[in-house]
>>> print(open('run07.txt').read())   # compact mmCIF, C-alpha atoms
# COMPACT_ATOMS: atom_id res chain seq x y z
CA MET Y 1 -29.04 -4.41 -165.53
CA SER Y 2 -32.63 -5.62 -165.38
CA GLU Y 3 -34.55 -6.32 -168.60
CA THR Y 4 -37.46 -8.59 -169.47
CA ILE Y 5 -36.37 -11.48 -171.66
CA THR Y 6 -37.79 -14.70 -173.04
CA ILE Y 7 -35.63 -17.81 -173.29
CA ARG Y 8 -36.27 -21.29 -174.57
CA GLY Y 9 -34.24 -24.21 -173.28
CA PHE Y 10 -34.10 -27.38 -171.21
CA VAL Y 11 -34.27 -27.72 -167.43
CA ALA Y 12 -30.75 -28.79 -166.44
CA THR Y 13 -31.11 -29.36 -162.69
CA GLU Y 14 -33.60 -30.62 -160.17
CA ILE Y 15 -36.01 -27.98 -158.87
CA THR Y 16 -35.04 -26.68 -155.41
CA SER Y 17 -37.59 -25.02 -153.14
CA SER Y 18 -37.10 -22.90 -150.05
CA THR Y 19 -38.67 -20.10 -148.05
CA THR Y 20 -37.20 -16.66 -147.39
CA PRO Y 21 -36.84 -15.47 -143.78
CA GLY Y 22 -39.93 -13.34 -144.48
CA GLY Y 23 -41.97 -16.45 -145.35
CA VAL Y 24 -42.02 -16.08 -149.16
CA ALA Y 25 -41.86 -19.36 -151.11
CA THR Y 26 -39.04 -19.56 -153.66
CA THR Y 27 -38.03 -22.10 -156.27
CA SER Y 28 -34.98 -22.20 -158.50
CA PHE Y 29 -33.48 -24.33 -161.25
CA ARG Y 30 -30.93 -24.01 -164.07
CA VAL Y 31 -31.84 -23.78 -167.75
CA GLY Y 32 -29.50 -24.37 -170.67
CA SER Y 33 -30.43 -22.53 -173.87
CA THR Y 34 -28.53 -23.60 -176.97
CA SER Y 35 -28.76 -21.73 -180.26
CA ARG Y 36 -29.09 -23.79 -183.43
CA ARG Y 37 -28.38 -22.91 -187.02
CA PHE Y 38 -28.99 -24.67 -190.31
CA ASP Y 39 -25.98 -25.11 -192.60
CA ARG Y 40 -27.31 -24.91 -196.17
CA GLU Y 41 -24.17 -26.43 -197.66
CA THR Y 42 -24.30 -29.63 -195.60
CA LYS Y 43 -28.08 -29.44 -195.05
CA THR Y 44 -27.63 -30.21 -191.34
CA TRP Y 45 -28.38 -28.47 -188.06
CA HIS Y 46 -25.49 -27.37 -185.83
CA ASP Y 47 -25.66 -26.48 -182.16
CA GLY Y 48 -24.12 -23.19 -181.14
CA HIS Y 49 -23.07 -21.88 -177.75
CA THR Y 50 -25.12 -22.84 -174.68
CA ASN Y 51 -26.11 -20.02 -172.34
CA TRP Y 52 -26.87 -20.98 -168.75
CA PHE Y 53 -29.44 -19.23 -166.57
CA THR Y 54 -30.62 -19.67 -163.01
CA VAL Y 55 -34.40 -19.28 -162.97
CA GLN Y 56 -36.05 -18.12 -159.74
CA GLY Y 57 -39.77 -18.14 -159.04
CA TYR Y 58 -41.54 -16.63 -156.05
CA ARG Y 59 -44.86 -17.05 -154.22
CA GLN Y 60 -47.54 -18.95 -156.18
CA LEU Y 61 -45.24 -19.49 -159.16
CA ALA Y 62 -42.76 -21.18 -156.83
CA GLY Y 63 -45.39 -23.70 -155.73
CA THR Y 64 -46.57 -24.54 -159.22
CA LEU Y 65 -43.03 -24.85 -160.58
CA GLY Y 66 -42.23 -27.53 -158.02
CA CYS Y 67 -45.30 -29.52 -159.10
CA SER Y 68 -45.00 -29.00 -162.85
CA ILE Y 69 -41.41 -28.77 -164.06
CA ARG Y 70 -38.88 -31.63 -164.09
CA LYS Y 71 -35.22 -31.96 -165.06
CA GLY Y 72 -34.80 -32.53 -168.80
CA GLN Y 73 -38.07 -30.91 -169.89
CA PRO Y 74 -38.20 -28.18 -172.54
CA VAL Y 75 -39.42 -24.85 -171.15
CA ILE Y 76 -40.02 -21.24 -172.10
CA VAL Y 77 -39.20 -18.67 -169.41
CA VAL Y 78 -40.21 -14.99 -169.33
CA GLY Y 79 -38.80 -12.73 -166.64
CA LYS Y 80 -36.37 -10.06 -165.56
CA LEU Y 81 -32.74 -10.70 -166.43
CA LYS Y 82 -30.27 -9.88 -163.68
CA ILE Y 83 -26.54 -10.17 -164.23
CA ARG Y 84 -24.59 -10.34 -161.01
CA THR Y 85 -20.85 -9.81 -160.78
CA TRP Y 86 -18.53 -10.49 -157.86
CA GLU Y 87 -14.82 -10.88 -157.20
CA LYS Y 88 -13.18 -13.71 -155.32
CA ASP Y 89 -9.45 -14.38 -154.98
CA GLY Y 90 -8.67 -11.79 -157.64
CA ARG Y 91 -11.00 -13.31 -160.23
CA ILE Y 92 -14.24 -11.75 -161.44
CA TYR Y 93 -17.29 -14.03 -161.68
CA HIS Y 94 -20.64 -13.48 -163.38
CA SER Y 95 -24.02 -15.16 -163.01
CA THR Y 96 -27.18 -14.69 -165.02
CA VAL Y 97 -30.42 -14.98 -163.08
CA ILE Y 98 -33.96 -14.67 -164.38
CA ASP Y 99 -36.60 -13.63 -161.86
CA ALA Y 100 -39.40 -15.48 -163.62
CA ASP Y 101 -42.80 -13.97 -164.29
CA THR Y 102 -43.92 -16.99 -166.33
CA VAL Y 103 -42.60 -20.49 -166.97
CA GLY Y 104 -44.23 -23.04 -169.23
CA HIS Y 105 -43.51 -26.17 -171.19
CA ASP Y 106 -42.37 -25.73 -174.80
CA LEU Y 107 -45.36 -27.30 -176.58
CA SER Y 108 -43.54 -27.41 -179.92
CA LEU Y 109 -41.68 -30.42 -178.49
CA GLY Y 110 -44.46 -32.21 -176.59
CA SER Y 111 -47.79 -31.84 -174.85
CA ALA Y 112 -48.85 -30.79 -171.37
CA ASN Y 113 -52.01 -30.82 -169.26
CA PHE Y 114 -52.97 -27.53 -167.62
CA ILE Y 115 -54.71 -27.50 -164.24
CA ARG Y 116 -55.78 -24.12 -162.85
CA THR Y 117 -54.65 -23.46 -159.27
CA SER Y 118 -57.02 -20.60 -158.36
CA SER Y 119 -59.62 -21.06 -155.63
CA ARG Y 120 -62.38 -21.31 -158.24
CA PRO Y 121 -61.64 -23.10 -161.51
CA ALA Y 122 -62.56 -21.42 -164.78
CA LEU Y 123 -64.34 -24.57 -165.96
CA SER Y 124 -65.85 -27.27 -163.81
CA LEU Y 125 -66.21 -30.65 -165.47
CA VAL Y 126 -68.41 -31.90 -162.65
CA GLU Y 127 -71.75 -32.66 -164.20
CA GLN Y 128 -74.61 -32.66 -161.75
CA PRO Y 129 -77.81 -34.52 -162.62
CA PRO Y 130 -81.03 -32.48 -162.50
CA ALA Y 131 -82.93 -32.75 -159.25
CA PRO Y 132 -86.21 -34.65 -159.57
CA GLU Y 133 -89.34 -32.58 -159.17
CA PRO Y 134 -91.37 -33.34 -156.05
CA GLY Y 135 -94.62 -35.24 -156.38
CA PRO Y 136 -95.78 -38.38 -158.18
CA HIS Y 137 -94.13 -39.39 -161.46
CA PRO Y 138 -96.74 -41.11 -163.64
CA GLY Y 139 -95.47 -43.10 -166.61
CA LEU Y 140 -92.02 -43.93 -165.25
CA ASP Y 141 -92.22 -47.22 -167.12
CA GLN Y 142 -92.43 -45.26 -170.41
CA LEU Y 143 -89.03 -43.57 -170.04
CA PRO Y 144 -86.61 -44.49 -172.84
CA ASP Y 145 -83.83 -46.83 -171.74
CA GLU Y 146 -81.60 -46.47 -174.80
CA PRO Y 147 -79.97 -43.19 -175.89
CA GLU Y 148 -81.18 -43.59 -179.49
CA ASP Y 149 -84.81 -43.57 -178.25
CA ARG Y 150 -84.49 -40.06 -176.83
CA ASP Y 151 -86.40 -37.25 -178.54
CA ASP Y 152 -83.80 -34.57 -177.77
CA GLU Y 153 -81.03 -36.18 -179.83
CA HIS Y 154 -80.34 -35.05 -183.35
CA PRO Y 155 -78.89 -37.23 -186.12
CA ASP Y 156 -76.30 -34.52 -186.83
CA ASP Y 157 -74.88 -34.86 -183.30
CA GLU Y 158 -74.00 -38.54 -183.63
CA GLY Y 159 -70.51 -39.26 -182.29
CA HIS Y 160 -70.12 -35.90 -180.49
CA LEU Y 161 -69.95 -36.37 -176.74
CA SER Y 162 -70.60 -33.32 -174.60
CA VAL Y 163 -70.99 -32.38 -170.97
CA VAL Y 164 -72.52 -29.39 -169.25
CA ILE Y 165 -69.98 -27.34 -167.34
CA GLU Y 166 -69.89 -24.17 -165.27
CA ASP Y 167 -67.78 -21.36 -166.74
CA SER Y 168 -65.85 -18.74 -164.76
CA ASP Y 169 -68.94 -16.50 -164.52
CA GLY Y 170 -71.10 -19.27 -163.05
CA ALA Y 171 -73.14 -19.70 -166.25
CA MET Y 172 -73.78 -23.17 -167.63
CA ALA Y 173 -72.19 -24.09 -170.97
CA SER Y 174 -72.04 -27.24 -173.05
CA LEU Y 175 -68.54 -28.53 -173.81
CA ASP Y 176 -68.13 -30.70 -176.90
CA LEU Y 177 -65.58 -33.30 -175.77
CA GLU Y 178 -64.47 -34.02 -179.33
CA THR Y 179 -63.83 -30.45 -180.48
CA GLY Y 180 -63.37 -28.70 -177.12
CA GLU Y 181 -65.82 -25.97 -178.18
CA LEU Y 182 -68.13 -24.25 -175.71
CA ALA Y 183 -71.78 -23.51 -176.47
CA GLU Y 184 -74.33 -21.87 -174.20
CA VAL Y 185 -77.02 -24.16 -172.81
>>> encode(input="run07.txt", output="structure tokens")
Amino acid sequence: MSETITIRGFVATEITSSTTPGGVATTSFRVGSTSRRFDRETKTWHDGHTNWFTVQGYRQLAGTLGCSIRKGQPVIVVGKLKIRTWEKDGRIYHSTVIDADTVGHDLSLGSANFIRTSSRPALSLVEQPPAPEPGPHPGLDQLPDEPEDRDDEHPDDEGHLSVVIEDSDGAMASLDLETGELAEV
């Protein structure tokens, strides 16, 4: 049996990392997923049965899991469900393993900070000052020294901090630090 499923639960064990004999990075941990139901008569929540899953990640996911996920954190896991059965000493045992495609924090219960791991980030918050033009600079003593003296500021923009960033296509965009909105420069 191998089906794609999504589960929501809590990381129950420490993350363990290893490498296959072929050199592929792997990471695994256990997740407990408990169903909850609301009893209308008593107006209280009741926990149901807890299902236990071993979550396995491979390659790049394995590396980011080890850096991002910790025991006790709420997570959402999407992957292929594999139920394995074996017999030992006359007893039949079962294990449920999810070969994870995606693992993330459950943001309904907290917040997280995403950091892209690709070779080139989608957004670069490194702001580079413009290079000065060659040649003499007459009137340097007339440059405004206070932000409110600048001609390019607008009264409507008061209180909105922004930076110029490079997007994934290499184009420059202005990022409003208060709203998180992008605008072309």
>>> closest_residue(input="run07.txt", among="Y:Asn113, Y:Ser108, Y:Ser28, Y:Ser17", to="Val55 (chain Y)", atoms="all atoms listed in the file")
Y:Ser28
>>> residues_around(input="run07.txt", residues="Asp47 (chain Y)", least_positions_apart="6", cutoff="7 Å", atoms="all atoms listed in the file", output="PyMOL selection string")
chain Y and resi 34-37
>>> closest_residue(input="run07.txt", among="Y:Ser18, Y:Ser68, Y:Thr4, Y:Thr42", to="Lys80 (chain Y)", atoms="all atoms listed in the file")
Y:Thr4
>>> closest_residue(input="run07.txt", among="Y:Ile98, Y:Ile5, Y:Val11, Y:Ala62", to="Thr27 (chain Y)", atoms="only C-alpha atoms")
Y:Ala62
>>> atom_distance(input="run07.txt", atom1="CA of Ile15 (chain Y)", atom2="CA of Val75 (chain Y)")
13.1 Å
>>> atom_distance(input="run07.txt", atom1="CA of Thr96 (chain Y)", atom2="CA of Gly48 (chain Y)")
18.5 Å
>>> atom_distance(input="run07.txt", atom1="CA of Thr16 (chain Y)", atom2="CA of Thr64 (chain Y)")
12.3 Å
